[in-house]
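J.: Handing over upload-v6.cif, mmCIF, C-alpha atoms.
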data_structure
#
loop_
_atom_site.label_atom_id
_atom_site.label_comp_id
_atom_site.auth_asym_id
_atom_site.auth_seq_id
_atom_site.Cartn_x
_atom_site.Cartn_y
_atom_site.Cartn_z
CA MET A 1390 2.15 -53.00 -21.22
CA ALA A 1391 3.19 -56.53 -22.14
CA GLU A 1392 1.80 -59.47 -20.23
CA ARG A 1393 5.29 -60.59 -19.25
CA VAL A 1394 7.66 -58.12 -17.66
CA ARG A 1395 11.09 -58.06 -16.09
CA VAL A 1396 11.67 -55.93 -13.00
CA ARG A 1397 14.63 -53.64 -13.66
CA ALA A 1398 17.75 -54.57 -11.73
CA TRP A 1399 18.52 -50.98 -10.86
CA ALA A 1400 20.13 -49.94 -7.59
CA PRO A 1401 19.35 -46.22 -7.43
CA PRO A 1402 20.39 -44.15 -4.44
CA GLY A 1403 17.59 -42.58 -2.46
CA LEU A 1404 14.81 -43.22 -0.07
CA HIS A 1405 11.47 -44.88 -0.44
CA VAL A 1406 12.04 -47.04 -3.49
CA ARG A 1407 9.05 -49.39 -3.40
CA THR A 1408 10.67 -52.18 -5.43
CA PRO A 1409 12.04 -54.83 -3.05
CA TRP A 1410 15.56 -56.14 -3.76
CA TYR A 1411 14.43 -59.74 -4.03
CA LEU A 1412 12.23 -58.89 -7.06
CA ARG A 1413 14.81 -56.90 -9.05
CA GLY A 1414 15.78 -58.66 -12.28
CA ARG A 1415 12.92 -61.19 -11.91
CA VAL A 1416 10.37 -62.02 -14.61
CA GLY A 1417 6.66 -62.01 -13.83
CA GLU A 1418 3.23 -61.51 -15.34
CA ILE A 1419 0.92 -58.53 -14.95
CA GLU A 1420 -1.92 -59.65 -12.68
CA ARG A 1421 -3.85 -56.36 -12.86
CA GLU A 1422 -3.40 -52.66 -13.42
CA LEU A 1423 -4.13 -50.49 -10.38
CA GLY A 1424 -4.26 -46.98 -11.81
CA LEU A 1425 -2.11 -43.88 -11.43
CA PHE A 1426 -0.23 -43.06 -8.24
CA ALA A 1427 2.26 -40.33 -7.34
CA ASN A 1428 5.84 -41.56 -7.61
CA PRO A 1429 6.97 -42.30 -4.02
CA GLU A 1430 10.63 -41.80 -4.98
CA GLN A 1431 9.83 -38.10 -5.57
CA LEU A 1432 7.23 -37.75 -2.80
CA ALA A 1433 9.84 -38.88 -0.25
CA TYR A 1434 11.82 -35.71 -0.96
CA GLY A 1435 8.84 -33.34 -1.08
CA LEU A 1436 9.33 -32.95 -4.86
CA PRO A 1437 6.47 -32.55 -7.32
CA ALA A 1438 5.65 -36.20 -8.01
CA ARG A 1439 4.79 -37.61 -11.40
CA ARG A 1440 1.74 -39.87 -11.49
CA LEU A 1441 2.77 -43.29 -12.71
CA ARG A 1442 0.97 -46.50 -13.53
CA LEU A 1443 1.10 -49.09 -10.78
CA TYR A 1444 0.81 -52.79 -11.58
CA ARG A 1445 0.39 -55.97 -9.59
CA VAL A 1446 2.97 -58.41 -10.91
CA ARG A 1447 2.82 -62.16 -10.23
CA PHE A 1448 5.98 -64.22 -9.87
CA THR A 1449 6.37 -67.96 -9.36
CA MET A 1450 8.43 -69.10 -6.39
CA ALA A 1451 10.59 -71.01 -8.92
CA GLU A 1452 11.43 -67.67 -10.60
CA LEU A 1453 12.23 -65.98 -7.29
CA TRP A 1454 14.17 -68.69 -5.49
CA GLY A 1455 15.27 -71.16 -8.19
CA PRO A 1456 16.00 -74.69 -6.97
CA ARG A 1457 15.68 -73.50 -3.35
CA ALA A 1458 11.97 -72.74 -3.83
CA GLU A 1459 9.84 -74.40 -1.19
CA ARG A 1460 7.11 -75.14 -3.80
CA PRO A 1461 7.95 -73.97 -7.35
CA ASP A 1462 4.37 -73.22 -8.44
CA ASP A 1463 3.30 -71.19 -5.39
CA VAL A 1464 3.19 -67.53 -6.35
CA LEU A 1465 3.98 -64.10 -4.98
CA GLU A 1466 2.36 -60.84 -6.08
CA ALA A 1467 3.65 -57.32 -5.51
CA GLU A 1468 2.91 -53.78 -6.66
CA ILE A 1469 5.54 -52.37 -9.02
CA PHE A 1470 5.58 -48.93 -10.65
CA GLU A 1471 5.76 -48.77 -14.46
CA HIS A 1472 9.25 -47.24 -14.69
CA TRP A 1473 10.61 -50.34 -12.91
CA LEU A 1474 9.11 -52.73 -15.49
CA GLU A 1475 10.67 -53.77 -18.79
CA PRO A 1476 8.16 -55.36 -21.21
CA LEU A 1477 9.18 -58.75 -22.62
CA ASP A 1478 7.80 -59.28 -26.08
CA ASP A 1479 8.54 -62.95 -26.64
CA ALA A 1480 5.53 -64.79 -28.01
CA SER A 1481 6.68 -68.17 -26.64
CA MET B 725 3.31 -63.00 53.97
CA PRO B 726 3.83 -64.66 50.63
CA HIS B 727 7.51 -65.23 51.39
CA ASP B 728 9.58 -66.40 54.35
CA HIS B 729 11.98 -63.48 54.11
CA PRO B 730 11.85 -60.09 52.36
CA HIS B 731 13.40 -59.60 48.90
CA GLU B 732 14.24 -55.99 48.21
CA HIS B 733 14.03 -56.45 44.42
CA LEU B 734 10.50 -57.83 44.59
CA SER B 735 7.23 -55.98 45.08
CA PRO B 736 5.06 -56.89 48.09
CA SER B 737 3.13 -59.27 45.81
CA GLY B 738 6.34 -61.10 44.93
CA HIS B 739 6.93 -59.72 41.42
CA PRO B 740 10.08 -57.97 40.22
CA TYR B 741 9.79 -54.19 39.83
CA ARG B 742 9.72 -52.94 36.24
CA PRO B 743 12.36 -50.34 35.46
CA ASP B 744 11.05 -46.76 35.03
CA GLN B 745 10.64 -45.62 31.43
CA ASP B 746 12.39 -42.28 31.89
CA GLY B 747 15.60 -42.82 29.94
CA PRO B 748 16.78 -40.20 27.45
CA LEU B 749 14.51 -39.53 24.45
CA THR B 750 15.44 -40.88 21.05
CA ALA B 751 15.84 -38.29 18.27
CA ALA B 752 12.48 -39.34 16.78
CA GLN B 753 10.72 -38.98 20.16
CA ALA B 754 12.19 -35.50 20.67
CA LEU B 755 11.13 -34.51 17.14
CA GLU B 756 7.58 -35.80 17.68
CA ILE B 757 7.22 -33.83 20.92
CA ALA B 758 8.64 -30.66 19.34
CA VAL B 759 6.32 -30.83 16.31
CA ARG B 760 3.28 -31.69 18.45
CA GLU B 761 3.93 -28.79 20.85
CA LEU B 762 4.46 -26.37 17.97
CA LEU B 763 1.20 -27.45 16.31
CA ILE B 764 -0.63 -26.82 19.58
CA GLU B 765 1.17 -23.53 20.30
CA LYS B 766 0.38 -22.19 16.79
CA GLY B 767 -3.26 -23.16 17.16
CA VAL B 768 -3.21 -25.70 14.29
CA LEU B 769 -4.43 -28.52 16.54
CA THR B 770 -5.51 -28.87 20.12
CA ALA B 771 -4.20 -31.48 22.56
CA ARG B 772 -7.74 -32.79 22.74
CA GLU B 773 -7.93 -33.30 18.96
CA ILE B 774 -4.68 -35.26 19.04
CA ALA B 775 -5.89 -37.44 21.93
CA ASP B 776 -9.18 -38.04 20.11
CA ALA B 777 -7.36 -39.06 16.92
CA ILE B 778 -5.25 -41.55 18.89
CA ALA B 779 -8.38 -42.91 20.57
CA ARG B 780 -10.03 -43.37 17.16
CA MET B 781 -7.03 -45.33 15.89
CA ASP B 782 -6.90 -47.46 19.05
CA ALA B 783 -10.61 -48.24 18.74
CA ARG B 784 -10.18 -49.94 15.36
CA SER B 785 -10.23 -53.71 15.65
CA PRO B 786 -10.50 -56.87 13.53
CA ALA B 787 -14.23 -56.90 14.37
CA ALA B 788 -14.82 -54.51 11.44
CA GLY B 789 -13.10 -56.88 9.02
CA ALA B 790 -14.97 -59.85 10.47
CA ARG B 791 -18.34 -58.12 9.81
CA VAL B 792 -17.33 -57.54 6.20
CA VAL B 793 -16.31 -61.20 5.76
CA ALA B 794 -19.54 -62.47 7.32
CA ARG B 795 -21.58 -60.24 4.98
CA ALA B 796 -19.65 -61.59 1.97
CA TRP B 797 -20.41 -65.16 3.12
CA THR B 798 -24.13 -64.51 3.30
CA ASP B 799 -24.72 -62.04 0.45
CA PRO B 800 -23.32 -63.06 -2.99
CA ALA B 801 -24.01 -59.61 -4.50
CA PHE B 802 -22.05 -57.94 -1.68
CA LYS B 803 -19.21 -60.44 -2.17
CA ALA B 804 -19.03 -59.55 -5.88
CA ARG B 805 -18.85 -55.84 -4.97
CA LEU B 806 -16.19 -56.57 -2.32
CA LEU B 807 -13.96 -58.42 -4.79
CA ALA B 808 -14.43 -55.67 -7.38
CA ASP B 809 -13.77 -52.72 -5.03
CA ALA B 810 -13.14 -53.60 -1.39
CA SER B 811 -12.88 -49.97 -0.22
CA ALA B 812 -16.33 -49.11 -1.58
CA ALA B 813 -17.89 -52.31 -0.19
CA ALA B 814 -16.40 -51.74 3.28
CA ARG B 815 -17.62 -48.11 3.26
CA GLU B 816 -21.05 -49.39 2.34
CA MET B 817 -21.02 -51.27 5.68
CA GLY B 818 -20.12 -48.10 7.56
CA CYS B 819 -16.42 -48.89 8.01
CA ASP B 820 -14.18 -45.84 8.36
CA ILE B 821 -11.90 -46.49 5.36
CA ASP B 822 -10.65 -42.94 4.62
CA ALA B 823 -8.52 -42.94 1.48
CA LEU B 824 -7.36 -46.54 2.03
CA ARG B 825 -7.15 -48.58 -1.20
CA LEU B 826 -8.29 -52.03 -0.13
CA ILE B 827 -8.10 -55.28 -2.10
CA ALA B 828 -9.87 -58.42 -0.87
CA VAL B 829 -8.20 -61.68 -1.90
CA GLU B 830 -10.35 -64.79 -1.75
CA ASN B 831 -9.42 -68.25 -0.46
CA ASP B 832 -11.06 -71.26 -2.09
CA GLU B 833 -10.43 -75.01 -2.42
CA THR B 834 -7.32 -74.48 -4.54
CA THR B 835 -5.92 -71.12 -3.40
CA HIS B 836 -4.72 -69.82 -0.06
CA ASN B 837 -3.75 -66.14 0.32
CA VAL B 838 -1.36 -64.65 2.85
CA VAL B 839 -0.41 -60.97 3.29
CA VAL B 840 2.92 -59.36 4.18
CA CYS B 841 4.79 -56.08 3.71
CA THR B 842 8.48 -56.84 3.21
CA LEU B 843 9.48 -53.16 2.95
CA CYS B 844 7.93 -51.94 6.22
CA SER B 845 4.64 -52.87 7.87
CA CYS B 846 1.79 -51.82 5.55
CA TYR B 847 -1.42 -53.24 6.97
CA PRO B 848 -5.17 -52.56 6.47
CA ARG B 849 -5.42 -50.77 9.84
CA ASN B 850 -8.80 -49.20 9.14
CA LEU B 851 -10.31 -52.66 8.81
CA LEU B 852 -8.14 -54.75 11.20
CA GLY B 853 -6.80 -52.28 13.77
CA LEU B 854 -3.12 -52.25 14.76
CA PRO B 855 -0.96 -55.05 13.33
CA PRO B 856 0.38 -57.76 15.63
CA ASP B 857 4.06 -57.36 16.59
CA TRP B 858 5.16 -60.39 14.57
CA TYR B 859 3.75 -58.82 11.39
CA LYS B 860 6.34 -56.04 11.68
CA GLN B 861 9.29 -58.27 12.52
CA ARG B 862 11.98 -59.29 10.08
CA ALA B 863 11.49 -63.02 10.73
CA TYR B 864 7.92 -63.01 9.37
CA ARG B 865 8.57 -60.46 6.62
CA SER B 866 11.63 -62.21 5.19
CA ARG B 867 10.50 -65.80 5.65
CA VAL B 868 6.87 -65.74 4.48
CA VAL B 869 7.92 -64.74 0.94
CA ALA B 870 10.51 -67.53 0.71
CA GLU B 871 9.03 -70.39 2.74
CA PRO B 872 5.35 -69.61 3.31
CA ARG B 873 4.39 -73.24 3.97
CA LYS B 874 6.90 -73.57 6.78
CA VAL B 875 5.78 -70.25 8.29
CA LEU B 876 2.08 -71.18 8.08
CA ALA B 877 2.85 -74.57 9.68
CA GLU B 878 4.43 -72.71 12.61
CA PHE B 879 1.11 -70.85 12.98
CA GLY B 880 -0.57 -74.28 13.09
CA LEU B 881 -1.86 -74.16 9.52
CA GLU B 882 -0.90 -77.16 7.35
CA LEU B 883 -2.20 -76.69 3.81
CA PRO B 884 -3.12 -79.67 1.61
CA ALA B 885 -0.71 -80.35 -1.26
CA HIS B 886 -3.23 -79.35 -3.97
CA VAL B 887 -3.66 -75.83 -2.55
CA ARG B 888 -1.57 -73.13 -4.21
CA ILE B 889 -0.30 -70.28 -2.05
CA ARG B 890 -0.50 -66.65 -3.20
CA VAL B 891 1.69 -64.39 -1.09
CA HIS B 892 0.77 -60.70 -1.35
CA ASP B 893 3.62 -58.26 -0.71
CA SER B 894 2.06 -54.83 0.02
CA THR B 895 4.86 -52.86 -1.62
CA ALA B 896 3.06 -49.63 -2.58
CA ASP B 897 -0.40 -48.06 -2.34
CA MET B 898 -2.77 -51.04 -1.86
CA ARG B 899 -3.68 -52.78 1.37
CA TYR B 900 -4.79 -56.41 1.35
CA PHE B 901 -7.02 -58.56 3.45
CA VAL B 902 -7.97 -62.18 3.01
CA LEU B 903 -11.56 -63.27 2.45
CA PRO B 904 -11.40 -66.76 3.98
CA ALA B 905 -13.58 -69.66 2.87
CA ARG B 906 -16.74 -70.15 4.91
CA PRO B 907 -16.33 -73.27 7.05
CA ALA B 908 -18.64 -76.24 6.53
CA GLY B 909 -21.20 -76.80 9.25
CA THR B 910 -22.25 -73.14 9.43
CA GLU B 911 -25.30 -73.40 7.17
CA GLY B 912 -28.10 -71.14 8.30
CA TRP B 913 -25.93 -69.11 10.69
CA ASP B 914 -26.61 -65.37 10.85
CA GLU B 915 -23.92 -62.76 10.16
CA GLU B 916 -23.14 -62.06 13.80
CA ARG B 917 -22.51 -65.71 14.61
CA LEU B 918 -20.39 -66.12 11.47
CA ALA B 919 -18.35 -62.99 12.23
CA ALA B 920 -17.30 -64.52 15.55
CA LEU B 921 -15.40 -67.24 13.62
CA VAL B 922 -13.30 -64.70 11.69
CA THR B 923 -10.14 -63.79 13.57
CA ARG B 924 -7.48 -61.23 12.72
CA ASP B 925 -5.10 -64.05 11.71
CA CYS B 926 -7.70 -65.44 9.27
CA MET B 927 -7.76 -62.07 7.49
CA ILE B 928 -3.93 -61.87 7.33
CA GLY B 929 -3.94 -65.44 6.02
CA VAL B 930 -1.94 -67.24 8.72
CA ALA B 931 -5.07 -69.08 9.92
CA VAL B 932 -8.42 -70.25 8.57
CA PRO B 933 -11.78 -70.02 10.35
CA GLN B 934 -12.40 -73.12 12.41
CA ALA B 935 -15.50 -75.17 11.72
CA PRO B 936 -17.72 -75.55 14.79
CA LYS B 937 -17.22 -78.80 16.71
#
As structure tokens, what does this structure read like?

T.:
Amino acid sequence: MAERVRVRAWAPPGLHVRTPWYLRGRVGEIERELGLFANPEQLAYGLPARRLRLYRVRFTMAELWGPRAERPDDVLEAEIFEHWLEPLDDAS
Amino acid sequence: MPHDHPHEHLSPSGHPYRPDQDGPLTAAQALEIAVRELLIEKGVLTAREIADAIARMDARSPAAGARVVARAWTDPAFKARLLADASAAAREMGCDIDALRLIAVENDETTHNVVVCTLCSCYPRNLLGLPPDWYKQRAYRSRVVAEPRKVLAEFGLELPAHVRIRVHDSTADMRYFVLPARPAGTEGWDEERLAALVTRDCMIGVAVPQAPK
């Protein structure tokens, strides 16, 4: 998994998606890997759930809120499942 | 007589009567009662076991979290274990953690941590007991991720400009609690005295332990 990731801007139907709207499409950095957890999007329907990697991703307030950010370099961290993360491979 | 003339809508002590709570059940209440009665009828659980489980949940309180914080303040090896694996460290102190995946996030001179769950109301109940009502309300959940400094100021916590805020949104399987910085002026205090400084709000991150006067 790349250091920098973009949260996918999907809008799937269904219950129990654990990716908040305000983080979709935003770019962050992996803060730590948390291990494998059953996919809540399948668990919510009583389906056999695939175990997926869960990551803590760190975003700056500037990335989340743009010029409206209260303090651009404060940060927010959230847990995002691997299928919601798109690796960014820029070396810049 | 507390009053010059009787008021029919007031109790004898002069307070308004509260309405009875016997309105129609919501769908969720009816479902809960149906499932509970079936579990008892089929012999899966007894009413006593259910009451005991509720009592166990009600008995949890922030005192457990405060003991863990005080231990971390006085025992550097324990603090290292707590930051590496908070569930294991809390179990080591006899806390009833079950399968809870706990992460301790540490405040220092340059970082202040605050915890929220924007999707629902995830909260480290095993360590802190039931969450306060405001933790579950939309105002806190939507505002603390966008304007944490303003929200903390409303709790009476003004952070210095050089301190960076880390907001933790508990979106999936982890539960977070804040390890606050030990206040100055508490040198030589024992764990019990230190634990008394650590409130629920300090461990959510909307307050910091107050130095003794």

J.: Pick out the chain A residues within 9 Å of chain B. Count all atoms listed in the file. Give them as a list in words.

T.: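 Filtering chain A at 9 Å from chain B with all atoms listed in the file gives Arg1407, Thr1408, Pro1409, Leu1423, Phe1426, Pro1429, Leu1443, Arg1447, Met1450, Leu1453, Trp1454, Arg1457, Ala1458, Glu1459, Arg1460, Asp1462, Asp1463, Val1464, Leu1465, Glu1466, Ala1467, Glu1468, Ile1469 and Phe1470 of chain A.
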
J.: From the list B:Val829, B:Ala796, B:Ala783, B:Leu918, which residue is nearest B:Asn850 when using all atoms listed in the file?

T.: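 Closest to B:Asn850 of all the choices is B:Ala783.
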
J.: Residues picked by the PyMOL selection byres ((chain B and resi 806) around 12) here, as a ChimeraX atom specification?

T.: /B:789,792-797,799-805,807-817,826-830,900-903

J.: In Å, with one decimal, what is the gap from atom CA of B:Ala919 to atom CA of B:Ala787?

T.: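 Computed distance, atom CA of B:Ala919 to atom CA of B:Ala787, equals 7.7 Å.
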
J.: Choose the residue, out of A:Ala1451, A:Val1446, A:Leu1404, A:Leu1477, that has the smallest atom-to-atom separation from A:Ile1419; count only C-alpha atoms.

T.: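 Between A:Ala1451, A:Val1446, A:Leu1404, A:Leu1477, the residue approaching A:Ile1419 most closely is A:Val1446.
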
J.: Work out how far apart atom CA of B:Arg924 and atom CA of B:Leu854 are and give it in Å to one decimal.

T.: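 A separation of 10.2 Å between them.
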
J.: Can you tell me, as a ChimeraX atom specification, what residues are no more than 10 Å from B:Ala771 when counting only C-alpha atoms, ignoring any on the same chain fewer than 6 positions away?

T.: /B:760-761,763-765,777

J.: State, in Å with one decimal place, the distance from atom CA of B:Ala877 to atom CA of A:Gly1417.

T.: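 Atom CA of A:Gly1417 lies at a distance of 26.9 Å from atom CA of B:Ala877.
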
J.: For stretch 1433-1435 of chain A, find every residue with an atom within 9 Å (counting only C-alpha atoms), except residues of its own chain fewer than 2 positions away, and show them as a ChimeraX atom specification.

T.: /A:1403-1405,1428-1431,1437-1438

J.: Between A:Gly1424, A:Gly1455, A:Pro1461, A:Tyr1411, which residue has the minimum interatomic distance to A:Arg1397, considering all atoms listed in the file?

T.: A:Tyr1411

J.: If the PyMOL selection byres ((chain A and resi 1393) around 8) is run on the structure shown, which residues does it catch, given as a list in words?

T.: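 With the shown file as input, the PyMOL selection byres ((chain A and resi 1393) around 8) matches Ala1391, Glu1392, Val1394, Arg1395, Val1416, Gly1417, Glu1418, Ile1419, Pro1476, Leu1477 and Asp1478 of chain A.
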
J.: Would you output that residue set with C-alpha atoms, as a PDB file, in the coordinates of the input?

T.:
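Listed below is the output, selection_15.pdb:
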ATOM      1  CA  ALA A1391       3.190 -56.530 -22.140  1.00  0.00           C
ATOM      2  CA  GLU A1392       1.800 -59.470 -20.230  1.00  0.00           C
ATOM      3  CA  VAL A1394       7.660 -58.120 -17.660  1.00  0.00           C
ATOM      4  CA  ARG A1395      11.090 -58.060 -16.090  1.00  0.00           C
ATOM      5  CA  VAL A1416      10.370 -62.020 -14.610  1.00  0.00           C
ATOM      6  CA  GLY A1417       6.660 -62.010 -13.830  1.00  0.00           C
ATOM      7  CA  GLU A1418       3.230 -61.510 -15.340  1.00  0.00           C
ATOM      8  CA  ILE A1419       0.920 -58.530 -14.950  1.00  0.00           C
ATOM      9  CA  PRO A1476       8.160 -55.360 -21.210  1.00  0.00           C
ATOM     10  CA  LEU A1477       9.180 -58.750 -22.620  1.00  0.00           C
ATOM     11  CA  ASP A1478       7.800 -59.280 -26.080  1.00  0.00           C
TER      12      ASP A1478
END

J.: Which residues match the PyMOL selection byres ((chain B and resi 786) around 7) in the file above, as number ranges by chain?

T.: B: 785, 787-790, 851-853, 923-924

J.: Could you tell me, as a PyMOL selection string, which residues have any atom at most 10 Å from (-20.6, -71.4, 12.8), counting all atoms listed in the file?

T.: chain B and resi 906-922+933-937

J.: Identify, on the basis of only C-alpha atoms, every residue whose closest approach to A:Trp1399 does not exceed 9 Å; exclude the query and any residue fewer than 4 positions from it along the same chain; express the result as a VMD selection string.

T.: chain A and resid 1413 to 1414 1473
